[in-house]
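Visitor: Questions regarding the structure given below will be posed in turn.
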Amino acid sequence: MQVGRIGVGSHHEVSVQSMTTTLTSDVDATLQQIAELTAAGCDIVRVACPSQDDANALPAIAHKSQIPVIADIHFQPKYVFAAIEAGCAAVRVNPGNIRKFDDKVKEIAAAAKDHGTPIRIGVNAGSLDPRLLEKYGKATPEALVESALWEASLFAEHDFHDIKISVKHHDPVVMIRAYELLAEQCDYPLHLGVTEAGPAFQGTIKSAVAFGTLLRQGIGDTIRVSLSAPPVEEVKVGIQILQSLNLRPRKLEIVSCPSCGRAQVDVYTLAEQVTAGLEGMEVPLRVAVMGCVVNGPGEAREADLGVASGNGKGQIFVKGKVIKTVPEHQIVETLIEEAMRLAEDTDSEERGSPRVSVS
């Protein structure tokens with residue numbers, strides 16, 4: 001499947017999505033937010049389309065966006081056709097809350113096929129088809145999967161197969177099981193999401209657990225981390241999850257110890273200051289910031305760059321060798337200087353994904 005210029009499916013890299021929080025009808029504000037998401041590493045962006053004014057804005061947004069735009073449609077089937085005509089890279093539909101959706105599948109399939117527009121069937125626990133709620137009593141994994149596959153079968157009847165599916169739930173355990181069942185029963189690309197995951201901390205934990213479990217099984221082709229936070233934060237978390245699973249080349253990685261009674265320096269402050277000082281670094285480096293002599297030398301030696309601290313001073317390691325010992329107040333400055341020097345000397349394509357540890 002192609003969503004604009006982004007390949008989606010088993011032969012392609014897992015892509016990171018987010019969704020704008022602006023009014024789609026405000027073209028300038030929406031494009032500005034899309035630009036911010038693009039700069040953060042977002043691959044595909046979704047925009048809401050609940051009104052005619054939003055639908056009218058889609059052509060300009062789809063044309064000017066640097067990344068593929070998916071229109072998110074609820075309630076009004078006429079906006080599905082508007083999004084397809086606008087040139088959106090894909091359209092997400094939620095069959096559970098689009099009036100008489102099944103009656104419109106033939107027309108939607110024909111329009112989407114004519115324009116080469118993929119459709120995401122997005123089933124949500126909070127808006128499951130009433131018929132399935134009555135059958136199962138609640139949004140069970142089986143109910144979510146039955147809803148998605150039923151709608152996919154209706155498109156298949158009209159020889160339309162350019163489909164991606166999501167079956168989102170706020171409970172990671174239910175969501176994981178739903179995707180496992182779905183993967184057993186179809187070969188469509190799958191978009192992963194824990195819907196309404198919550199504030200940044202809680203939502204990050206839920207998403208990391210769910211995505212990690214599924215992606216390690218080879219389940220999932222695109223992801224969206226749904227946070228009650230700015231959408232750029234969703235992208236950052238999503239990219240970090242993929243990097244942690246080695247599904248994306250690692251960039252800057254900070255390894256730092258949690259501190260304990262053995263620590264002889266302020267590890268928390270050191271790690272925070274080094275992280276802040278290296279923010280935005282694109283070179284794949286592993287930096288280790290360690291606070292005592294137990295694990296410190298070993299971790300620092302294994303990293304591209306590291307410090308093993310103790311007695312108010314730190315041994316600075318570069319590529320496994322001690323290059324100098326500095327007082328505690330110079331550790332952060334020294335690590336940042338050495339990281340910048342390494343970055344200048346590093347050709348990331350030739351080196352792959354080196355690791356930098358700060359402990």
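Ordered as shown in the structure tokens, chains take letters A, B, and onward, while each chain numbers its residues from 1 and ligands are numbered from 1 in the order shown.
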Hey, what's within 6 Å of range 16-30 of chain A if we count only C-alpha atoms and toss same-chain stuff fewer than 3 positions away? As a ChimeraX atom specification, please?

Guide: /A:33,42-47,53-54,57,222-224

Visitor: Mind the document's chain letters and residue numbers, and return as a PyMOL selection string the residues of range 133-203 of chain A that DSSP labels strand (DSSP E or B).

Guide: chain A and resi 163-169+190-192+194

Visitor: For the residues in that selection, give me N, CA and C atoms as a PDB file, in the first residue's frame.

Guide:
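After the write, again_28.pdb holds the following:
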ATOM      1  N   ILE A 163      -6.842  -1.279   1.545  1.00  0.00           N
ATOM      2  CA  ILE A 163      -7.416  -1.025   2.873  1.00  0.00           C
ATOM      3  C   ILE A 163      -6.357  -1.208   3.951  1.00  0.00           C
ATOM      4  N   LYS A 164      -6.405  -0.346   4.939  1.00  0.00           N
ATOM      5  CA  LYS A 164      -5.649  -0.499   6.185  1.00  0.00           C
ATOM      6  C   LYS A 164      -6.667  -0.532   7.309  1.00  0.00           C
ATOM      7  N   ILE A 165      -6.376  -1.271   8.372  1.00  0.00           N
ATOM      8  CA  ILE A 165      -7.359  -1.457   9.444  1.00  0.00           C
ATOM      9  C   ILE A 165      -6.749  -1.079  10.793  1.00  0.00           C
ATOM     10  N   SER A 166      -7.570  -0.480  11.646  1.00  0.00           N
ATOM     11  CA  SER A 166      -7.196  -0.299  13.057  1.00  0.00           C
ATOM     12  C   SER A 166      -8.359  -0.723  13.936  1.00  0.00           C
ATOM     13  N   VAL A 167      -8.048  -1.303  15.085  1.00  0.00           N
ATOM     14  CA  VAL A 167      -9.072  -1.712  16.066  1.00  0.00           C
ATOM     15  C   VAL A 167      -8.599  -1.205  17.432  1.00  0.00           C
ATOM     16  N   LYS A 168      -8.909   0.035  17.734  1.00  0.00           N
ATOM     17  CA  LYS A 168      -8.332   0.692  18.904  1.00  0.00           C
ATOM     18  C   LYS A 168      -9.204   0.531  20.151  1.00  0.00           C
ATOM     19  N   HIS A 169      -8.526   0.436  21.276  1.00  0.00           N
ATOM     20  CA  HIS A 169      -9.188   0.346  22.579  1.00  0.00           C
ATOM     21  C   HIS A 169      -8.307   1.059  23.585  1.00  0.00           C
ATOM     22  N   LEU A 190      -1.918  -2.991   9.118  1.00  0.00           N
ATOM     23  CA  LEU A 190      -2.584  -2.638  10.373  1.00  0.00           C
ATOM     24  C   LEU A 190      -1.970  -1.374  10.967  1.00  0.00           C
ATOM     25  N   HIS A 191      -2.850  -0.478  11.399  1.00  0.00           N
ATOM     26  CA  HIS A 191      -2.434   0.746  12.085  1.00  0.00           C
ATOM     27  C   HIS A 191      -2.670   0.553  13.577  1.00  0.00           C
ATOM     28  N   LEU A 192      -1.605   0.672  14.373  1.00  0.00           N
ATOM     29  CA  LEU A 192      -1.693   0.425  15.811  1.00  0.00           C
ATOM     30  C   LEU A 192      -1.988   1.703  16.578  1.00  0.00           C
ATOM     31  N   VAL A 194      -3.392   2.805  20.855  1.00  0.00           N
ATOM     32  CA  VAL A 194      -4.163   2.697  22.094  1.00  0.00           C
ATOM     33  C   VAL A 194      -4.933   4.002  22.179  1.00  0.00           C
TER      34      VAL A 194
END

Visitor: Taking into account only C-alpha atoms, which residue in the set A:Asp345, A:Leu242, A:Gly116, A:Leu278 is nearest to Glu13 in chain A?

Guide: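 Going through A:Asp345, A:Leu242, A:Gly116, A:Leu278 one by one, the smallest distance to Glu13 in chain A is for A:Leu242.
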
Visitor: Have a look at CA of Pro249 in chain A and CA of Leu227 in chain A and let me know their distance in Å, one decimal.

Guide: 23.8 Å

Visitor: Run DSSP on the backbone of this structure and report the residues of range 156-271 of chain A it assigns to helix (DSSP H, G or I), as number ranges by chain.

Guide: A: 156-157, 172-185, 200-215, 231-244, 267-271

Visitor: I need the residues from that last selection saved to file as a JSON list (two decimals), in the first residue's frame (with C-alpha atoms), if you can.

Guide:
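File selection.json, as written:
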[["chain", "number", "residue", "atom", "x", "y", "z"],
["A", 156, "ALA", "CA", -13.93, -6.57, -1.14],
["A", 157, "GLU", "CA", -17.34, -7.31, -2.67],
["A", 172, "PRO", "CA", -3.75, -2.15, 26.14],
["A", 173, "VAL", "CA", -4.61, -5.76, 27.03],
["A", 174, "VAL", "CA", -7.85, -5.66, 25.03],
["A", 175, "MET", "CA", -6.16, -3.78, 22.20],
["A", 176, "ILE", "CA", -3.28, -6.28, 21.98],
["A", 177, "ARG", "CA", -5.64, -9.23, 21.79],
["A", 178, "ALA", "CA", -7.77, -7.53, 19.15],
["A", 179, "TYR", "CA", -4.78, -6.98, 16.88],
["A", 180, "GLU", "CA", -3.53, -10.52, 17.44],
["A", 181, "LEU", "CA", -6.90, -11.89, 16.36],
["A", 182, "LEU", "CA", -7.03, -9.50, 13.43],
["A", 183, "ALA", "CA", -3.55, -10.50, 12.23],
["A", 184, "GLU", "CA", -4.59, -14.16, 12.32],
["A", 185, "GLN", "CA", -7.58, -13.48, 10.08],
["A", 200, "ALA", "CA", 1.84, 12.01, 28.50],
["A", 201, "PHE", "CA", 3.26, 9.71, 31.17],
["A", 202, "GLN", "CA", 0.38, 7.25, 31.32],
["A", 203, "GLY", "CA", -0.17, 7.27, 27.57],
["A", 204, "THR", "CA", 3.49, 6.68, 26.84],
["A", 205, "ILE", "CA", 3.55, 3.63, 29.13],
["A", 206, "LYS", "CA", 0.37, 2.17, 27.63],
["A", 207, "SER", "CA", 1.52, 2.72, 24.07],
["A", 208, "ALA", "CA", 5.02, 1.39, 24.65],
["A", 209, "VAL", "CA", 3.68, -1.80, 26.25],
["A", 210, "ALA", "CA", 1.09, -2.40, 23.53],
["A", 211, "PHE", "CA", 3.25, -1.48, 20.54],
["A", 212, "GLY", "CA", 6.26, -3.37, 21.86],
["A", 213, "THR", "CA", 4.21, -6.53, 22.38],
["A", 214, "LEU", "CA", 2.69, -6.40, 18.90],
["A", 215, "LEU", "CA", 5.63, -5.14, 16.87],
["A", 231, "PRO", "CA", 1.13, 16.19, 18.82],
["A", 232, "VAL", "CA", 4.88, 16.69, 18.42],
["A", 233, "GLU", "CA", 5.27, 14.80, 21.70],
["A", 234, "GLU", "CA", 3.32, 11.89, 20.18],
["A", 235, "VAL", "CA", 5.82, 11.75, 17.34],
["A", 236, "LYS", "CA", 8.83, 11.85, 19.66],
["A", 237, "VAL", "CA", 7.46, 8.97, 21.73],
["A", 238, "GLY", "CA", 6.56, 6.96, 18.65],
["A", 239, "ILE", "CA", 10.01, 7.33, 17.14],
["A", 240, "GLN", "CA", 11.65, 6.42, 20.44],
["A", 241, "ILE", "CA", 9.53, 3.27, 20.70],
["A", 242, "LEU", "CA", 10.61, 2.19, 17.22],
["A", 243, "GLN", "CA", 14.25, 2.98, 17.95],
["A", 244, "SER", "CA", 14.10, 0.99, 21.19],
["A", 267, "VAL", "CA", 23.56, 11.66, 38.65],
["A", 268, "TYR", "CA", 20.07, 13.08, 38.13],
["A", 269, "THR", "CA", 21.35, 16.57, 37.40],
["A", 270, "LEU", "CA", 24.23, 15.32, 35.25],
["A", 271, "ALA", "CA", 21.93, 13.20, 33.08]]

Visitor: Show which residues sit within 8 Å of Pro95 in chain A, as number ranges by chain. Count only C-alpha atoms, and ignore same-chain residues fewer than 2 positions away.

Guide: A: 93, 97-98, 101-102, 121-123, 129, 151

Visitor: Based on the selection just made, write C-alpha atoms of those residues as a PDB file, in the first residue's frame.

Guide:
ATOM      1  CA  VAL A  93     -13.583   6.166   8.099  1.00  0.00           C
ATOM      2  CA  ASN A  97     -20.653   6.317  13.587  1.00  0.00           C
ATOM      3  CA  ILE A  98     -21.197   7.108   9.900  1.00  0.00           C
ATOM      4  CA  PHE A 101     -22.216   3.553   6.096  1.00  0.00           C
ATOM      5  CA  ASP A 102     -22.761   0.075   4.668  1.00  0.00           C
ATOM      6  CA  ILE A 121     -11.252   1.274   8.391  1.00  0.00           C
ATOM      7  CA  GLY A 122     -10.829   2.655  11.898  1.00  0.00           C
ATOM      8  CA  VAL A 123     -12.847   0.807  14.526  1.00  0.00           C
ATOM      9  CA  ASP A 129     -21.483  -0.441  15.752  1.00  0.00           C
ATOM     10  CA  GLU A 151     -16.569  -3.618   6.665  1.00  0.00           C
TER      11      GLU A 151
END

Visitor: What lies within 7 Å of Val8 in chain A using only C-alpha atoms, ignoring chain neighbours under 4 positions off, as a PDB file with all heavy atoms, in the first residue's frame?

Guide:
ATOM      1  N   MET A   1       0.844  -1.194   0.000  1.00  0.00           N
ATOM      2  CA  MET A   1       0.000   0.000   0.000  1.00  0.00           C
ATOM      3  C   MET A   1       0.876   1.239   0.000  1.00  0.00           C
ATOM      4  O   MET A   1       1.915   1.276   0.659  1.00  0.00           O
ATOM      5  CB  MET A   1      -0.909   0.015   1.234  1.00  0.00           C
ATOM      6  CG  MET A   1      -1.665   1.324   1.448  1.00  0.00           C
ATOM      7  SD  MET A   1      -2.605   1.382   2.992  1.00  0.00           S
ATOM      8  CE  MET A   1      -3.973   0.300   2.578  1.00  0.00           C
ATOM      9  N   GLN A   2       0.437   2.247  -0.733  1.00  0.00           N
ATOM     10  CA  GLN A   2       1.106   3.545  -0.724  1.00  0.00           C
ATOM     11  C   GLN A   2       0.170   4.587  -0.141  1.00  0.00           C
ATOM     12  O   GLN A   2      -0.958   4.750  -0.608  1.00  0.00           O
ATOM     13  CB  GLN A   2       1.493   3.966  -2.134  1.00  0.00           C
ATOM     14  CG  GLN A   2       2.696   3.239  -2.701  1.00  0.00           C
ATOM     15  CD  GLN A   2       3.987   3.580  -2.014  1.00  0.00           C
ATOM     16  OE1 GLN A   2       4.768   2.682  -1.690  1.00  0.00           O
ATOM     17  NE2 GLN A   2       4.232   4.847  -1.796  1.00  0.00           N
ATOM     18  N   VAL A   3       0.621   5.268   0.897  1.00  0.00           N
ATOM     19  CA  VAL A   3      -0.093   6.424   1.430  1.00  0.00           C
ATOM     20  C   VAL A   3       0.728   7.636   1.026  1.00  0.00           C
ATOM     21  O   VAL A   3       1.712   7.987   1.687  1.00  0.00           O
ATOM     22  CB  VAL A   3      -0.256   6.338   2.958  1.00  0.00           C
ATOM     23  CG1 VAL A   3      -0.956   7.590   3.485  1.00  0.00           C
ATOM     24  CG2 VAL A   3      -1.035   5.090   3.350  1.00  0.00           C
ATOM     25  N   HIS A  12       7.873  -2.550   4.194  1.00  0.00           N
ATOM     26  CA  HIS A  12       8.242  -1.162   4.442  1.00  0.00           C
ATOM     27  C   HIS A  12       8.492  -0.924   5.929  1.00  0.00           C
ATOM     28  O   HIS A  12       8.012  -1.662   6.789  1.00  0.00           O
ATOM     29  CB  HIS A  12       7.131  -0.227   3.958  1.00  0.00           C
ATOM     30  CG  HIS A  12       6.837  -0.355   2.492  1.00  0.00           C
ATOM     31  ND1 HIS A  12       7.631   0.227   1.523  1.00  0.00           N
ATOM     32  CD2 HIS A  12       5.844  -1.005   1.832  1.00  0.00           C
ATOM     33  CE1 HIS A  12       7.137  -0.057   0.331  1.00  0.00           C
ATOM     34  NE2 HIS A  12       6.055  -0.796   0.478  1.00  0.00           N
ATOM     35  N   PRO A 189      -2.670  -4.290   5.871  1.00  0.00           N
ATOM     36  CA  PRO A 189      -1.804  -3.516   6.763  1.00  0.00           C
ATOM     37  C   PRO A 189      -2.598  -3.048   7.983  1.00  0.00           C
ATOM     38  O   PRO A 189      -3.790  -2.752   7.888  1.00  0.00           O
ATOM     39  CB  PRO A 189      -1.381  -2.319   5.896  1.00  0.00           C
ATOM     40  CG  PRO A 189      -1.581  -2.766   4.490  1.00  0.00           C
ATOM     41  CD  PRO A 189      -2.756  -3.698   4.519  1.00  0.00           C
ATOM     42  N   ASP A 221       1.962  -1.907  11.073  1.00  0.00           N
ATOM     43  CA  ASP A 221       2.647  -1.267   9.960  1.00  0.00           C
ATOM     44  C   ASP A 221       2.752   0.248  10.125  1.00  0.00           C
ATOM     45  O   ASP A 221       3.661   0.867   9.583  1.00  0.00           O
ATOM     46  CB  ASP A 221       1.906  -1.587   8.658  1.00  0.00           C
ATOM     47  CG  ASP A 221       1.840  -3.082   8.418  1.00  0.00           C
ATOM     48  OD1 ASP A 221       2.877  -3.672   8.069  1.00  0.00           O
ATOM     49  OD2 ASP A 221       0.762  -3.679   8.614  1.00  0.00           O
TER      50      ASP A 221
END

Visitor: Rounded to one decimal in Å, what is the spacing between CA of Ala86 in chain A and CA of Ala39 in chain A?

Guide: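 Calculated distance between CA of Ala86 in chain A and CA of Ala39 in chain A is 24.3 Å.
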
Visitor: By how many Å are CA of Gly9 in chain A and CA of Ala109 in chain A apart?

Guide: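 Here the two named atoms are 20.4 Å from each other.
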